[in-house]
$ cat entry.txt   # compact mmCIF, C-alpha atoms
# COMPACT_ATOMS: atom_id res chain seq x y z
CA MET A 48 95.57 146.18 97.80
CA MET A 49 91.81 146.27 97.30
CA LEU A 50 90.23 142.81 97.34
CA VAL A 51 88.09 141.97 94.33
CA ARG A 52 84.39 141.79 95.20
CA GLN A 53 83.35 138.49 93.61
CA THR A 54 79.60 138.02 93.52
CA HIS A 55 78.83 136.06 90.36
CA LEU A 56 77.22 132.63 90.39
CA LEU A 57 80.10 130.90 88.61
CA TRP A 58 82.53 132.07 91.31
CA TRP A 59 80.18 130.79 94.01
CA ALA A 60 79.91 127.47 92.16
CA ALA A 61 83.72 127.18 92.22
CA LEU A 62 83.82 128.08 95.93
CA VAL A 63 81.11 125.53 96.82
CA HIS A 64 83.02 122.89 94.84
CA ARG A 65 86.23 123.61 96.74
CA VAL A 66 84.71 123.90 100.22
CA SER A 67 82.61 120.74 99.72
CA GLY A 68 85.79 118.89 98.74
CA LEU A 69 87.57 120.06 101.89
CA VAL A 70 84.66 119.10 104.17
CA LEU A 71 84.38 115.68 102.52
CA ALA A 72 88.12 115.18 102.99
CA ILE A 73 87.64 115.82 106.71
CA PHE A 74 84.59 113.54 106.84
CA LEU A 75 86.08 110.54 105.03
CA PRO A 76 88.59 109.48 107.74
CA ILE A 77 85.77 109.60 110.32
CA HIS A 78 83.60 107.53 107.98
CA PHE A 79 86.30 104.89 107.53
CA LEU A 80 87.04 104.92 111.26
CA VAL A 81 83.40 104.03 112.00
CA LEU A 82 83.34 101.37 109.29
CA GLY A 83 86.59 99.96 110.69
CA LEU A 84 84.81 99.28 113.99
CA ALA A 85 83.07 96.38 112.21
CA ILE A 86 86.36 94.50 112.44
CA GLU A 87 86.07 94.64 116.22
CA GLY A 88 82.60 93.10 116.10
CA ASP A 89 78.97 93.96 115.47
CA VAL A 90 78.35 95.17 119.05
CA VAL A 91 81.10 97.79 118.83
CA LEU A 92 79.83 98.95 115.45
CA ASP A 93 76.22 99.16 116.61
CA GLN A 94 77.26 101.24 119.62
CA ALA A 95 78.83 103.75 117.26
CA LEU A 96 75.90 103.69 114.86
CA ILE A 97 73.51 104.64 117.68
CA TRP A 98 74.98 108.11 117.16
CA SER A 99 73.35 108.29 113.73
CA GLU A 100 69.92 108.18 115.40
CA ARG A 101 70.53 111.55 117.06
CA LEU A 102 68.83 114.56 115.49
CA PRO A 103 71.94 116.72 114.95
CA VAL A 104 73.75 113.78 113.32
CA LYS A 105 70.78 113.21 110.99
CA PHE A 106 70.92 116.84 109.90
CA ALA A 107 74.68 116.55 109.47
CA GLU A 108 74.14 113.48 107.26
CA ILE A 109 71.74 115.42 105.05
CA GLY A 110 74.38 118.14 104.78
CA LEU A 111 77.01 115.54 103.88
CA VAL A 112 74.82 114.05 101.16
CA PHE A 113 74.32 117.56 99.73
CA LEU A 114 78.06 118.20 99.81
CA LEU A 115 78.82 114.83 98.20
CA VAL A 116 76.34 115.37 95.35
CA VAL A 117 77.25 119.03 94.85
CA HIS A 118 80.96 118.10 94.70
CA LEU A 119 80.22 115.37 92.14
CA ALA A 120 77.95 117.62 90.05
CA GLY A 121 80.39 120.54 90.34
CA GLY A 122 83.24 118.30 89.18
CA LEU A 123 81.20 117.14 86.19
CA ARG A 124 80.45 120.80 85.40
CA VAL A 125 84.17 121.61 85.29
CA LEU A 126 84.84 118.55 83.11
CA VAL A 127 82.11 119.64 80.66
CA LEU A 128 83.52 123.16 80.65
CA GLU A 129 87.12 122.13 80.02
CA ALA A 130 86.89 118.90 78.06
CA LEU A 131 84.01 119.54 75.65
CA ALA A 132 83.37 122.26 73.10
CA TRP A 133 82.36 125.51 74.80
CA HIS A 134 78.72 126.34 75.34
CA ASP A 135 77.38 129.55 76.80
CA TRP A 136 75.12 127.89 79.34
CA GLN A 137 77.64 127.59 82.14
CA LYS A 138 75.46 129.52 84.59
CA THR A 139 72.57 127.17 83.88
CA LEU A 140 74.90 124.22 84.45
CA ALA A 141 76.10 125.67 87.78
CA GLY A 142 72.52 126.35 88.89
CA ALA A 143 71.46 122.85 87.80
CA ALA A 144 74.33 121.29 89.80
CA ILE A 145 73.28 123.09 92.98
CA GLY A 146 69.56 122.43 92.39
CA PHE A 147 70.15 118.73 91.66
CA SER A 148 72.25 118.41 94.84
CA ALA A 149 69.57 120.09 96.96
CA LEU A 150 66.95 117.74 95.51
CA ILE A 151 68.99 114.60 96.30
CA ALA A 152 69.70 115.90 99.84
CA LEU A 153 65.97 116.55 100.30
CA LEU A 154 65.08 113.04 99.15
CA PHE A 155 67.68 111.61 101.52
CA GLY A 156 66.25 113.78 104.32
CA LEU A 157 62.77 112.39 103.68
CA ARG A 158 64.15 108.86 104.03
CA VAL A 159 66.07 109.69 107.24
CA PHE A 160 63.07 111.10 109.09
CA MET B 175 71.71 172.32 95.24
CA LYS B 176 74.22 170.42 93.15
CA LYS B 177 74.80 166.81 94.11
CA ILE B 178 78.25 165.99 95.48
CA LEU B 179 79.97 162.63 95.07
CA GLN B 180 82.03 161.27 97.95
CA VAL B 181 85.11 159.76 96.30
CA SER B 182 87.74 157.77 98.22
CA ILE B 183 90.96 157.46 96.24
CA TRP B 184 94.02 155.37 97.06
CA ARG B 185 97.04 157.61 97.64
CA GLY B 186 100.64 156.51 97.84
CA GLY B 187 102.29 153.18 97.12
CA ALA B 188 101.57 149.69 98.49
CA ASP B 189 101.28 151.05 102.04
CA GLY B 190 99.15 154.05 101.08
CA VAL B 191 95.80 155.18 102.45
CA TYR B 192 92.47 156.37 101.06
CA GLN B 193 91.87 160.10 100.73
CA VAL B 194 88.32 161.42 100.41
CA PHE B 195 87.41 164.06 97.82
CA GLU B 196 84.10 165.78 97.20
CA VAL B 197 83.39 165.93 93.48
CA PRO B 198 80.44 167.67 91.79
CA ALA B 199 78.16 165.15 90.08
CA GLN B 200 77.50 165.69 86.37
CA ALA B 201 75.14 164.13 83.86
CA SER B 202 76.67 161.18 81.93
CA GLN B 203 79.80 161.41 84.09
CA THR B 204 82.31 158.58 83.84
CA VAL B 205 84.62 157.40 86.63
CA LEU B 206 87.54 158.70 84.56
CA ASP B 207 85.83 162.12 84.48
CA VAL B 208 85.73 162.02 88.29
CA VAL B 209 89.43 161.18 88.61
CA THR B 210 90.34 163.87 86.08
CA TRP B 211 88.27 166.44 88.01
CA VAL B 212 90.14 165.56 91.21
CA GLN B 213 93.52 165.98 89.52
CA ARG B 214 92.59 169.28 87.86
CA HIS B 215 90.65 170.91 90.68
CA ALA B 216 91.58 169.29 93.99
CA ASP B 217 95.06 167.72 93.90
CA ALA B 218 97.35 168.00 90.90
CA THR B 219 99.70 165.37 92.35
CA LEU B 220 97.17 162.55 91.81
CA ALA B 221 98.71 159.90 89.54
CA TYR B 222 96.54 157.89 87.15
CA ARG B 223 96.66 156.65 83.55
CA PHE B 224 94.45 157.29 80.58
CA SER B 225 94.80 157.90 76.89
CA CYS B 226 91.97 157.41 74.41
CA ARG B 227 88.94 157.94 76.71
CA VAL B 228 86.78 155.84 74.36
CA GLY B 229 87.50 152.24 75.41
CA MET B 230 90.20 151.44 72.89
CA CYS B 231 93.59 151.85 74.57
CA GLY B 232 93.06 149.85 77.78
CA SER B 233 95.12 152.18 79.98
CA CYS B 234 92.55 153.58 82.44
CA ALA B 235 91.49 150.39 84.25
CA MET B 236 91.29 150.52 88.05
CA MET B 237 89.30 149.08 90.94
CA VAL B 238 85.92 150.78 91.32
CA ASN B 239 84.08 149.80 94.50
CA GLY B 240 85.94 146.48 94.51
CA ILE B 241 85.37 145.63 90.83
CA PRO B 242 88.06 146.02 88.14
CA ARG B 243 86.65 148.27 85.39
CA TRP B 244 87.65 150.41 82.41
CA THR B 245 86.90 153.79 83.92
CA CYS B 246 86.42 155.74 80.66
CA ARG B 247 83.33 153.67 79.83
CA SER B 248 82.00 153.20 83.38
CA HIS B 249 79.25 155.68 84.17
CA VAL B 250 79.13 156.92 87.75
CA ALA B 251 75.33 156.57 87.75
CA LYS B 252 75.71 152.82 87.12
CA VAL B 253 78.66 151.94 89.36
CA SER B 254 78.49 154.25 92.38
CA LYS B 255 76.81 153.25 95.62
CA GLY B 256 74.53 156.07 96.75
CA GLY B 257 76.87 158.72 95.41
CA THR B 258 80.06 157.17 96.78
CA LEU B 259 83.02 155.77 94.88
CA LYS B 260 86.03 153.89 96.21
CA LEU B 261 88.86 153.89 93.68
CA ALA B 262 92.04 151.85 93.98
CA PRO B 263 94.84 150.67 91.67
CA LEU B 264 94.25 147.41 89.80
CA ALA B 265 94.55 144.36 92.05
CA ASN B 266 97.28 141.73 91.51
CA LEU B 267 99.80 144.28 90.19
CA PRO B 268 102.44 146.30 92.12
CA VAL B 269 101.34 149.88 92.86
CA ILE B 270 103.63 152.62 91.59
CA LYS B 271 101.71 155.59 92.98
CA ASP B 272 98.05 156.32 93.66
CA LEU B 273 96.02 154.72 90.83
CA THR B 274 98.93 153.63 88.64
CA VAL B 275 100.30 150.11 88.65
CA ASP B 276 103.44 148.56 87.21
CA MET B 277 102.25 146.53 84.19
CA SER B 278 105.69 145.03 83.37
CA ARG B 279 104.89 141.72 85.07
CA PHE B 280 101.66 141.52 83.06
CA PHE B 281 103.45 141.97 79.73
CA GLU B 282 106.41 139.75 80.70
CA LYS B 283 103.87 136.97 80.96
CA TRP B 284 102.68 137.66 77.41
CA LYS B 285 106.26 136.99 76.31
CA ARG B 286 106.44 133.79 78.37
CA ALA B 287 103.20 132.60 76.74
CA GLU B 288 104.74 133.19 73.28
CA ALA B 289 101.79 135.51 72.72
CA ARG B 290 103.32 137.09 69.64
CA PHE B 291 102.94 136.33 65.96
CA TYR B 292 105.52 134.07 64.32
CA PRO B 293 105.19 134.57 60.57
CA SER B 294 105.10 131.51 58.33
CA ALA B 295 105.77 133.54 55.17
CA SER B 296 108.15 136.29 54.15
CA ARG B 297 107.52 139.61 52.43
CA LYS B 298 108.46 137.92 49.17
CA ASP B 299 105.44 135.61 49.39
CA ASP B 300 101.96 136.53 48.24
CA VAL B 301 99.53 137.76 50.89
CA MET B 302 97.85 134.71 52.36
CA SER B 303 94.11 134.45 51.87
CA VAL B 304 92.36 133.72 55.18
CA SER B 305 88.76 132.62 55.05
CA PRO B 306 86.68 134.14 57.89
CA GLY B 307 84.47 131.04 57.91
CA THR B 308 86.98 128.41 59.10
CA SER B 309 86.56 127.07 62.64
CA GLY B 310 90.05 128.29 63.60
CA ARG B 311 89.41 131.81 62.37
CA ILE B 312 86.01 131.91 64.12
CA ASP B 313 87.71 130.90 67.40
CA ALA B 314 90.48 133.48 66.90
CA ASP B 315 88.02 136.26 66.03
CA ALA B 316 85.96 135.52 69.16
CA ALA B 317 88.99 136.33 71.34
CA ILE B 318 90.89 138.88 69.24
CA GLU B 319 89.51 142.20 70.55
CA CYS B 320 91.57 142.29 73.77
CA ILE B 321 92.80 145.82 74.62
CA ASN B 322 95.36 144.67 77.28
CA CYS B 323 93.60 146.65 80.01
CA GLY B 324 94.49 144.13 82.77
CA VAL B 325 90.92 143.89 84.12
CA CYS B 326 90.86 140.09 83.76
CA TYR B 327 94.30 139.85 85.42
CA ALA B 328 93.04 141.90 88.39
CA ALA B 329 89.83 139.85 88.64
CA CYS B 330 91.59 136.46 88.63
CA ASP B 331 91.84 134.53 91.92
CA THR B 332 94.48 132.22 90.46
CA VAL B 333 96.76 135.16 89.63
CA LYS B 334 96.35 136.30 93.24
CA TRP B 335 97.25 132.85 94.61
CA ASP B 336 100.04 131.97 92.17
CA SER B 337 102.29 134.80 91.00
CA ASP B 338 103.76 132.44 88.40
CA TYR B 339 100.41 132.03 86.59
CA LEU B 340 100.43 133.61 83.13
CA GLY B 341 96.91 134.99 83.58
CA PRO B 342 93.84 135.20 81.35
CA ALA B 343 94.98 137.93 78.93
CA ALA B 344 98.27 136.33 77.88
CA LEU B 345 96.65 132.92 77.46
CA ASN B 346 93.72 134.42 75.55
CA ARG B 347 96.17 136.03 73.13
CA ALA B 348 98.08 132.75 72.79
CA TRP B 349 94.80 131.03 71.88
CA THR B 350 94.11 133.48 69.05
CA LEU B 351 97.57 132.71 67.64
CA VAL B 352 97.12 128.94 68.02
CA ASN B 353 94.10 129.37 65.76
CA ASP B 354 95.83 131.69 63.29
CA GLU B 355 96.65 129.65 60.18
CA ARG B 356 99.38 132.18 59.21
CA ASP B 357 101.28 131.60 62.46
CA ALA B 358 104.28 129.22 62.56
CA ALA B 359 104.96 128.79 66.30
CA GLY B 360 102.87 125.59 66.58
CA ALA B 361 104.13 123.21 69.26
CA LYS B 362 106.54 125.85 70.65
CA ARG B 363 103.65 128.02 71.83
CA LEU B 364 101.60 125.08 73.07
CA GLN B 365 104.63 123.95 75.09
CA ALA B 366 104.99 127.46 76.52
CA VAL B 367 101.37 127.60 77.68
CA ALA B 368 101.47 124.04 79.02
CA ASN B 369 104.44 124.73 81.31
CA ARG B 370 104.15 125.46 85.02
CA GLY B 371 101.99 128.53 85.55
CA GLY B 372 100.33 127.98 82.19
CA CYS B 373 96.81 127.08 81.10
CA TYR B 374 96.53 124.07 83.43
CA THR B 375 96.90 126.37 86.44
CA CYS B 376 93.53 128.00 85.62
CA HIS B 377 90.74 126.95 88.00
CA SER B 378 87.95 128.10 85.63
CA HIS B 379 86.39 130.51 88.13
CA GLN B 380 85.35 132.55 85.07
CA SER B 381 85.82 135.95 86.75
CA CYS B 382 87.83 137.05 83.67
CA GLN B 383 84.81 136.33 81.52
CA ILE B 384 82.44 138.12 83.89
CA HIS B 385 84.51 141.31 84.18
CA CYS B 386 86.06 141.67 80.70
CA PRO B 387 84.89 145.08 79.44
CA LYS B 388 85.09 143.83 75.85
CA ALA B 389 82.83 140.87 76.72
CA LEU B 390 85.54 138.40 75.71
CA ASN B 391 85.71 134.96 77.28
CA PRO B 392 89.30 134.11 78.30
CA THR B 393 88.07 131.03 80.21
CA ARG B 394 86.83 129.63 76.91
CA SER B 395 90.20 130.39 75.29
CA ILE B 396 92.09 128.75 78.17
CA ALA B 397 89.82 125.68 77.99
CA GLY B 398 90.69 125.48 74.29
CA LEU B 399 94.41 125.70 75.13
CA LYS B 400 94.03 122.94 77.73
CA ARG B 401 92.66 120.61 75.07
CA ALA B 402 95.11 121.68 72.35
CA ALA B 403 98.17 121.51 74.62
CA LEU B 404 97.46 117.88 75.54
CA ALA B 405 99.13 117.02 72.22
CA VAL B 406 102.50 118.32 73.44
CA ARG B 407 102.36 117.15 77.07

$ encode --input "entry.txt" --output "structure tokens"
Amino acid sequence: MMLVRQTHLLWWAALVHRVSGLVLAIFLPIHFLVLGLAIEGDVVLDQALIWSERLPVKFAEIGLVFLLVVHLAGGLRVLVLEALAWHDWQKTLAGAAIGFSALIALLFGLRVF
Amino acid sequence: MKKILQVSIWRGGADGVYQVFEVPAQASQTVLDVVTWVQRHADATLAYRFSCRVGMCGSCAMMVNGIPRWTCRSHVAKVSKGGTLKLAPLANLPVIKDLTVDMSRFFEKWKRAEARFYPSASRKDDVMSVSPGTSGRIDADAAIECINCGVCYAACDTVKWDSDYLGPAALNRAWTLVNDERDAAGAKRLQAVANRGGCYTCHSHQSCQIHCPKALNPTRSIAGLKRAALAVR
């Protein structure tokens, strides 16, 4: 069977929403694991947090912030689409969600460096 | 020298292969013209469907370079890639032979969605007056021009993932009937579309809306059903 060639923005918006959700689901246990180290004492936690000073981890954090915001904005987009009366500016909404997420990630990046 | 189109066409059933044909290019040529030329001049055993040739009957849809399209209204000049075409049977439906698919599953789902008219009056009653300006009629009219071509069904990721899903066309038709003030099915239809595989299975990828040759918006209809069916959940 021939696979459908999907290239439209709304399909990409749905894909980004799904993939960001999956990546965040993988990240969250690691996040809670690090936070849980606080129970063992501030020294143990600080040793783990030293990792966040490394350059690759900083870039990964910026990526995570983007994914978090894009997942939130993408979820709001779907809620607007399904729960409110229909409007024909769905593409604008999808573009705005991605643009807003990139802006927040950029602002976070400026704070990190 | 006359330009020649390189046309790859799916031959056989589910385990078939592509066969390449060289077809003379013509002015204002449609993809259906190309397929018809192949059957009449190159291989009379090629199986495909068509009827009206003017975008009314919905029988000639197939995959054209990976996109589901109505072939009678798709001009080669607009959809070919450098003079090449790759034609396959509609996705998400069982292949019978070559470019023909078995549509029974598609129409069975229309039945499951109660996508048929239940009259609220008999022939003894007066003809009901329906105002075109009511919100229900406006919603129904926006979705009513479906020609059952199956393009939305082939474009839908959710249909591909979940064979139980009713699909955009059946749900779109159900939505027109939900908004038809002459119809008497009411909660029965809403219950049918709210069941497993119904409107809540839709992920709102909106590919049906993007690819519908009649420029309908089944995603909008399904979103309407999702809100309306909450009353019977």

$ residues_near_point --input "entry.txt" --point "(81.3, 131.6, 91.2)" --cutoff "10 Å" --atoms "all atoms listed in the file" --output "ChimeraX atom specification"
/A:53-64,138,141 /B:378-381,384

$ interface_residues --input "entry.txt" --of "chain B" --to "chain A" --cutoff "6 Å" --atoms "only C-alpha atoms" --output "ChimeraX atom specification"
/B:240-241,379,397

$ write_last_selection --input "entry.txt" --atoms "C-alpha atoms" --output "PDB file, in the frame of the given file"
ATOM      1  CA  GLY B 240      85.940 146.480  94.510  1.00  0.00           C
ATOM      2  CA  ILE B 241      85.370 145.630  90.830  1.00  0.00           C
ATOM      3  CA  HIS B 379      86.390 130.510  88.130  1.00  0.00           C
ATOM      4  CA  ALA B 397      89.820 125.680  77.990  1.00  0.00           C
TER       5      ALA B 397
END

$ residues_around --input "entry.txt" --residues "region 367-369 of chain B" --least-positions-apart "3" --cutoff "10 Å" --atoms "only C-alpha atoms" --output "PyMOL selection string"
chain B and resi 286-289+339-340+344-345+348-349+361-364+372-375+396+399-400+402-404+406-407

$ residues_around --input "entry.txt" --residues "Phe74 (chain A)" --least-positions-apart "4" --cutoff "12 Å" --atoms "all atoms listed in the file" --output "compact mmCIF listing (two decimals) with C-alpha atoms, keeping the file's coordinate frame"
# COMPACT_ATOMS: atom_id res chain seq x y z
CA SER A 67 82.61 120.74 99.72
CA GLY A 68 85.79 118.89 98.74
CA LEU A 69 87.57 120.06 101.89
CA VAL A 70 84.66 119.10 104.17
CA HIS A 78 83.60 107.53 107.98
CA PHE A 79 86.30 104.89 107.53
CA LEU A 80 87.04 104.92 111.26
CA VAL A 81 83.40 104.03 112.00
CA ALA A 107 74.68 116.55 109.47
CA GLU A 108 74.14 113.48 107.26
CA GLY A 110 74.38 118.14 104.78
CA LEU A 111 77.01 115.54 103.88
CA VAL A 112 74.82 114.05 101.16
CA LEU A 114 78.06 118.20 99.81
CA LEU A 115 78.82 114.83 98.20

$ closest_residue --input "entry.txt" --among "B:Glu282, B:Asp207, B:Asp331, B:Asp354" --to "Ser305 (chain B)" --atoms "all atoms listed in the file"
B:Asp354

$ residues_around --input "entry.txt" --residues "Lys255 (chain B)" --least-positions-apart "2" --cutoff "12 Å" --atoms "all atoms listed in the file" --output "PDB file with C-alpha atoms, in the frame of the given file"
ATOM      1  CA  LEU B 179      79.970 162.630  95.070  1.00  0.00           C
ATOM      2  CA  GLN B 180      82.030 161.270  97.950  1.00  0.00           C
ATOM      3  CA  VAL B 181      85.110 159.760  96.300  1.00  0.00           C
ATOM      4  CA  VAL B 238      85.920 150.780  91.320  1.00  0.00           C
ATOM      5  CA  ASN B 239      84.080 149.800  94.500  1.00  0.00           C
ATOM      6  CA  GLY B 240      85.940 146.480  94.510  1.00  0.00           C
ATOM      7  CA  HIS B 249      79.250 155.680  84.170  1.00  0.00           C
ATOM      8  CA  VAL B 250      79.130 156.920  87.750  1.00  0.00           C
ATOM      9  CA  ALA B 251      75.330 156.570  87.750  1.00  0.00           C
ATOM     10  CA  LYS B 252      75.710 152.820  87.120  1.00  0.00           C
ATOM     11  CA  VAL B 253      78.660 151.940  89.360  1.00  0.00           C
ATOM     12  CA  GLY B 257      76.870 158.720  95.410  1.00  0.00           C
ATOM     13  CA  THR B 258      80.060 157.170  96.780  1.00  0.00           C
ATOM     14  CA  LEU B 259      83.020 155.770  94.880  1.00  0.00           C
ATOM     15  CA  LYS B 260      86.030 153.890  96.210  1.00  0.00           C
TER      16      LYS B 260
END

$ atom_distance --input "entry.txt" --atom1 "CA of Trp184 (chain B)" --atom2 "CA of Asn266 (chain B)"
15.1 Å

$ closest_residue --input "entry.txt" --among "A:Arg124, A:Arg101, A:Ala95, A:Glu87" --to "Trp136 (chain A)" --atoms "all atoms listed in the file"
A:Arg124

$ residues_around --input "entry.txt" --residues "Val212 (chain B)" --least-positions-apart "5" --cutoff "10 Å" --atoms "all atoms listed in the file" --output "PDB file with C-alpha atoms, in the frame of the given file"
ATOM      1  CA  VAL B 181      85.110 159.760  96.300  1.00  0.00           C
ATOM      2  CA  ILE B 183      90.960 157.460  96.240  1.00  0.00           C
ATOM      3  CA  PHE B 195      87.410 164.060  97.820  1.00  0.00           C
ATOM      4  CA  GLU B 196      84.100 165.780  97.200  1.00  0.00           C
ATOM      5  CA  VAL B 197      83.390 165.930  93.480  1.00  0.00           C
ATOM      6  CA  PRO B 198      80.440 167.670  91.790  1.00  0.00           C
ATOM      7  CA  LEU B 206      87.540 158.700  84.560  1.00  0.00           C
ATOM      8  CA  ASP B 207      85.830 162.120  84.480  1.00  0.00           C
ATOM      9  CA  ASP B 217      95.060 167.720  93.900  1.00  0.00           C
ATOM     10  CA  ALA B 218      97.350 168.000  90.900  1.00  0.00           C
ATOM     11  CA  THR B 219      99.700 165.370  92.350  1.00  0.00           C
ATOM     12  CA  LEU B 220      97.170 162.550  91.810  1.00  0.00           C
TER      13      LEU B 220
END

$ residues_near_point --input "entry.txt" --point "(69.0, 118.2, 99.0)" --cutoff "10 Å" --atoms "only C-alpha atoms" --output "PyMOL selection string"
chain A and resi 109-114+116-117+145-157

$ write_last_selection --input "entry.txt" --atoms "C-alpha atoms" --output "compact mmCIF listing (two decimals), in the frame of the given file"
# COMPACT_ATOMS: atom_id res chain seq x y z
CA ILE A 109 71.74 115.42 105.05
CA GLY A 110 74.38 118.14 104.78
CA LEU A 111 77.01 115.54 103.88
CA VAL A 112 74.82 114.05 101.16
CA PHE A 113 74.32 117.56 99.73
CA LEU A 114 78.06 118.20 99.81
CA VAL A 116 76.34 115.37 95.35
CA VAL A 117 77.25 119.03 94.85
CA ILE A 145 73.28 123.09 92.98
CA GLY A 146 69.56 122.43 92.39
CA PHE A 147 70.15 118.73 91.66
CA SER A 148 72.25 118.41 94.84
CA ALA A 149 69.57 120.09 96.96
CA LEU A 150 66.95 117.74 95.51
CA ILE A 151 68.99 114.60 96.30
CA ALA A 152 69.70 115.90 99.84
CA LEU A 153 65.97 116.55 100.30
CA LEU A 154 65.08 113.04 99.15
CA PHE A 155 67.68 111.61 101.52
CA GLY A 156 66.25 113.78 104.32
CA LEU A 157 62.77 112.39 103.68

$ atom_distance --input "entry.txt" --atom1 "CA of His118 (chain A)" --atom2 "CA of His377 (chain B)"
14.8 Å

$ atom_distance --input "entry.txt" --atom1 "CA of Ala328 (chain B)" --atom2 "CA of Leu267 (chain B)"
7.4 Å

$ decode --input "entry.txt" --residues "region 326-332 of chain B" --atoms "all heavy atoms" --output "mmCIF file, in the first residue's frame"
data_model
loop_
_atom_site.group_PDB
_atom_site.id
_atom_site.type_symbol
_atom_site.label_atom_id
_atom_site.label_comp_id
_atom_site.auth_asym_id
_atom_site.auth_seq_id
_atom_site.Cartn_x
_atom_site.Cartn_y
_atom_site.Cartn_z
ATOM 1 N N CYS B 326 -10.765 11.316 1.768
ATOM 2 C CA CYS B 326 -10.508 11.643 3.184
ATOM 3 C C CYS B 326 -10.156 10.378 3.971
ATOM 4 O O CYS B 326 -9.301 10.395 4.854
ATOM 5 C CB CYS B 326 -11.712 12.350 3.801
ATOM 6 S SG CYS B 326 -13.227 11.383 3.746
ATOM 7 N N TYR B 327 -10.827 9.271 3.633
ATOM 8 C CA TYR B 327 -10.599 7.994 4.316
ATOM 9 C C TYR B 327 -9.176 7.507 4.061
ATOM 10 O O TYR B 327 -8.506 6.985 4.944
ATOM 11 C CB TYR B 327 -11.621 6.984 3.792
ATOM 12 C CG TYR B 327 -11.749 5.721 4.596
ATOM 13 C CD1 TYR B 327 -12.578 5.678 5.718
ATOM 14 C CD2 TYR B 327 -11.065 4.567 4.245
ATOM 15 C CE1 TYR B 327 -12.714 4.519 6.458
ATOM 16 C CE2 TYR B 327 -11.193 3.398 4.974
ATOM 17 C CZ TYR B 327 -12.024 3.378 6.080
ATOM 18 O OH TYR B 327 -12.156 2.222 6.814
ATOM 19 N N ALA B 328 -8.702 7.722 2.817
ATOM 20 C CA ALA B 328 -7.333 7.310 2.456
ATOM 21 C C ALA B 328 -6.295 8.228 3.085
ATOM 22 O O ALA B 328 -5.176 7.805 3.377
ATOM 23 C CB ALA B 328 -7.177 7.302 0.941
ATOM 24 N N ALA B 329 -6.657 9.498 3.305
ATOM 25 C CA ALA B 329 -5.701 10.471 3.835
ATOM 26 C C ALA B 329 -5.554 10.381 5.352
ATOM 27 O O ALA B 329 -4.600 10.916 5.917
ATOM 28 C CB ALA B 329 -6.151 11.889 3.462
ATOM 29 N N CYS B 330 -6.490 9.677 6.013
ATOM 30 C CA CYS B 330 -6.588 9.746 7.475
ATOM 31 C C CYS B 330 -5.600 8.800 8.180
ATOM 32 O O CYS B 330 -5.631 7.588 7.972
ATOM 33 C CB CYS B 330 -8.014 9.405 7.891
ATOM 34 S SG CYS B 330 -8.264 9.433 9.669
ATOM 35 N N ASP B 331 -4.754 9.370 9.030
ATOM 36 C CA ASP B 331 -3.820 8.555 9.820
ATOM 37 C C ASP B 331 -4.567 7.663 10.797
ATOM 38 O O ASP B 331 -4.169 6.529 11.058
ATOM 39 C CB ASP B 331 -2.885 9.467 10.626
ATOM 40 C CG ASP B 331 -1.895 10.190 9.739
ATOM 41 O OD1 ASP B 331 -1.338 9.555 8.842
ATOM 42 O OD2 ASP B 331 -1.695 11.404 9.948
ATOM 43 N N THR B 332 -5.648 8.193 11.374
ATOM 44 C CA THR B 332 -6.370 7.445 12.411
ATOM 45 C C THR B 332 -7.030 6.201 11.815
ATOM 46 O O THR B 332 -7.062 5.151 12.449
ATOM 47 C CB THR B 332 -7.418 8.351 13.087
ATOM 48 O OG1 THR B 332 -6.796 9.593 13.398
ATOM 49 C CG2 THR B 332 -7.933 7.737 14.367
#
